[in-house]
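Chemist: Please see the structure below; I have some questions.
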Amino acid sequence: LARLGWRLGWYGARMGMALLNLLMIVALVVLVWWTADALNRMNAARLETDSQLRQVTELMNQAFEPMIVRELGGAIRAWNHGAETLYGWPAAEALGQSEQALLHGVVPLMEELDRILESTGHWEGELLHATRDGSWVTVVSRQTARRMGNGRILVLECNRDITLQQRNAQLLRENQQRLQLALEASNMATFEWDLVGNKHVWHESVLALLGIQADSFAGSSQEFFQLIHPDDRHLL
């Protein structure tokens, strides 16, 4: 523009430099305005996300189950009363921390979990978590991912504590094993009889004790009575 103005005689060198400076100032103003507008949009999106998180947290606190909102691969953004009760950390201490670091999640598993969430938006399974007092709990975790307006992905995580159920199941298995050992040691056997439905469950130990093959025994009560000595049938 400066060269064209000089050739046409519209202005001299000083005018050309002034025009150049003016154009630079205009360009700078436009750049500053665009940057400020972009920052305002980002700030508005952040404020909207924070507002949504506060509303979600209020709803989460109405639930008894532990519920957590976290950024995908990042910090915890919401932590309800159920999470405080199960894990022992108050929300003020949990917010902003990495869930993997706080609950001592297995890193490879957490990374794979996040990859699945990013691609499918959903994951469900069992996780082992540490609590504040150093104990461990097993939870059934249901997680859903959603991309927010600012581009970040937030994960809503609902965890149900099954530690006690697993412990009771293990105790039941151990008791059943002890019972089986006691029956074998005493040369005894057991069977189940549903009196209402007249259904039977014959354990292998019964067949072994009676010396009969499973394919030769239909399993009816009448057939079983036939195996009992006539003098003892009145006892049943």
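By order of appearance in the structure tokens: chains A, B, ..., then residues from 1 within every chain, and ligands from 1 in the order shown.
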Determine, counting only C-alpha atoms, which protein, DNA and RNA residues have an atom within 9 Å of an atom of Met188 of chain A; residues of the same chain fewer than 2 positions away are not included. Present the result as a PyMOL selection string.

Modeler: chain A and resi 182-186+190+205-206+209

Chemist: Do a neighbour search on Ser221 of chain A at 10 Å with only C-alpha atoms, toss out local chain neighbours closer than 6 positions, and write the hits as a list in words.

Modeler: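 Result of the neighbour search: Trp193, Asn198, Lys199 and His200 of chain A.
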
Chemist: Just write the chosen residues, N, CA, C and O atoms, as a PDB file, in the first residue's frame.

Modeler:
```pdb
ATOM      1  N   TRP A 193     -34.052 -82.348  49.790  1.00  0.00           N
ATOM      2  CA  TRP A 193     -35.416 -82.770  49.458  1.00  0.00           C
ATOM      3  C   TRP A 193     -36.356 -81.585  49.653  1.00  0.00           C
ATOM      4  O   TRP A 193     -36.534 -81.098  50.761  1.00  0.00           O
ATOM      5  N   ASN A 198     -41.546 -81.538  46.049  1.00  0.00           N
ATOM      6  CA  ASN A 198     -41.150 -82.950  45.957  1.00  0.00           C
ATOM      7  C   ASN A 198     -40.015 -83.141  44.935  1.00  0.00           C
ATOM      8  O   ASN A 198     -40.061 -84.001  44.056  1.00  0.00           O
ATOM      9  N   LYS A 199     -39.012 -82.281  45.078  1.00  0.00           N
ATOM     10  CA  LYS A 199     -37.843 -82.371  44.216  1.00  0.00           C
ATOM     11  C   LYS A 199     -36.620 -82.739  45.047  1.00  0.00           C
ATOM     12  O   LYS A 199     -36.512 -82.355  46.210  1.00  0.00           O
ATOM     13  N   HIS A 200     -35.717 -83.490  44.447  1.00  0.00           N
ATOM     14  CA  HIS A 200     -34.539 -83.975  45.154  1.00  0.00           C
ATOM     15  C   HIS A 200     -33.263 -83.543  44.436  1.00  0.00           C
ATOM     16  O   HIS A 200     -33.247 -83.418  43.211  1.00  0.00           O
TER      17      HIS A 200
END
```

Chemist: If DSSP is run on the backbone, what residues of segment 110-177 of chain A are helix (DSSP H, G or I)? A reply as a ChimeraX atom specification would be ideal.

Modeler: /A:110-120,163-177

Chemist: Could you give me, as a tab-separated table (two decimals) with C-alpha atoms, in the first residue's frame, the residues within 6 Å of Ile68 of chain A, counting only C-alpha atoms and dropping anything in the same chain fewer than 3 positions from it?

Modeler:
```
chain	number	residue	atom	x	y	z
A	78	ALA	CA	-17.36	-34.29	42.41
A	79	TRP	CA	-17.44	-36.60	45.44
A	156	LEU	CA	-19.76	-40.36	36.21
A	157	GLU	CA	-18.80	-43.32	38.38
```

Chemist: Would you mind listing what lies within 12 Å of Met67 of chain A as a PyMOL selection string, with only C-alpha atoms counted and same-chain residues fewer than 6 positions away left out?

Modeler: chain A and resi 56-61+76-87+91+139-144+155-161

Chemist: Pick the closest to Gln165 of chain A from A:Met148, A:Leu95, A:Leu179, A:Val137: which is it, counting only C-alpha atoms?

Modeler: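 Among the listed residues, A:Val137 lies closest to Gln165 of chain A.
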
Chemist: Pick out the residues sitting within 10 Å of His203 of chain A, and hand them over as a PyMOL selection string; count only C-alpha atoms, and ignore anything fewer than 6 positions along from it in its own chain.

Modeler: chain A and resi 189-192+214

Chemist: Could you turn the residues from that selection into a file that holds N, CA, C and O atoms, as a PDB file, in the first residue's frame?

Modeler:
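Heads up, here's the output in result35.pdb:
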```pdb
ATOM      1  N   ALA A 189     -23.309 -89.109  54.048  1.00  0.00           N
ATOM      2  CA  ALA A 189     -23.655 -88.376  52.836  1.00  0.00           C
ATOM      3  C   ALA A 189     -24.934 -87.590  53.074  1.00  0.00           C
ATOM      4  O   ALA A 189     -25.703 -87.889  53.986  1.00  0.00           O
ATOM      5  N   THR A 190     -25.185 -86.589  52.247  1.00  0.00           N
ATOM      6  CA  THR A 190     -26.377 -85.758  52.382  1.00  0.00           C
ATOM      7  C   THR A 190     -27.072 -85.611  51.030  1.00  0.00           C
ATOM      8  O   THR A 190     -26.446 -85.771  49.973  1.00  0.00           O
ATOM      9  N   PHE A 191     -28.378 -85.342  51.106  1.00  0.00           N
ATOM     10  CA  PHE A 191     -29.125 -84.995  49.904  1.00  0.00           C
ATOM     11  C   PHE A 191     -30.148 -83.933  50.271  1.00  0.00           C
ATOM     12  O   PHE A 191     -30.435 -83.707  51.449  1.00  0.00           O
ATOM     13  N   GLU A 192     -30.692 -83.246  49.257  1.00  0.00           N
ATOM     14  CA  GLU A 192     -31.664 -82.185  49.469  1.00  0.00           C
ATOM     15  C   GLU A 192     -33.028 -82.646  48.975  1.00  0.00           C
ATOM     16  O   GLU A 192     -33.143 -83.246  47.900  1.00  0.00           O
ATOM     17  N   ALA A 214     -24.889 -93.223  38.733  1.00  0.00           N
ATOM     18  CA  ALA A 214     -25.825 -92.131  38.494  1.00  0.00           C
ATOM     19  C   ALA A 214     -26.774 -92.442  37.343  1.00  0.00           C
ATOM     20  O   ALA A 214     -27.955 -92.073  37.376  1.00  0.00           O
TER      21      ALA A 214
END
```

Chemist: Check the smallest atom-to-atom distance from each of A:Glu99, A:Gly73, A:Glu112, A:Leu181 to Leu154 of chain A using only C-alpha atoms, then report the winner.

Modeler: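 For Leu154 of chain A, the nearest of the candidates is A:Gly73.
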
Chemist: Any idea what's packed within 10 Å of Arg146 of chain A, counting only C-alpha atoms, ignoring anything in its chain fewer than 3 positions away? Could you give it as a PyMOL selection string?

Modeler: chain A and resi 71-72+117-118+121-122+149+151-156

Chemist: Could you jot down the atom CA of Gly88 of chain A to atom CA of Thr131 of chain A separation for me, Å, one decimal place?

Modeler: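 Taking atom CA of Gly88 of chain A and atom CA of Thr131 of chain A, their separation equals 6.2 Å.
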
Chemist: With distances taken over only C-alpha atoms, which of A:Ser98, A:Asn168, A:Asn187, A:Gln180 is nearest to Ala208 of chain A?

Modeler: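 Closest candidate: A:Asn187.
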
Chemist: Return as number ranges by chain the full set of residues in segment 89-134 of chain A whose backbone-based DSSP assignment is strand (DSSP E).

Modeler: A: 122-130

Chemist: Interatomic distance between atom CA of Trp202 of chain A and atom CA of Arg233 of chain A?

Modeler: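 Taking atom CA of Trp202 of chain A and atom CA of Arg233 of chain A, their separation equals 18.4 Å.
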
Chemist: Rounded to one decimal place, report the atom CA of Asp114 of chain A-atom CA of Phe64 of chain A distance in Å.

Modeler: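 Rounded to one decimal, the two atoms are 25.1 Å apart.
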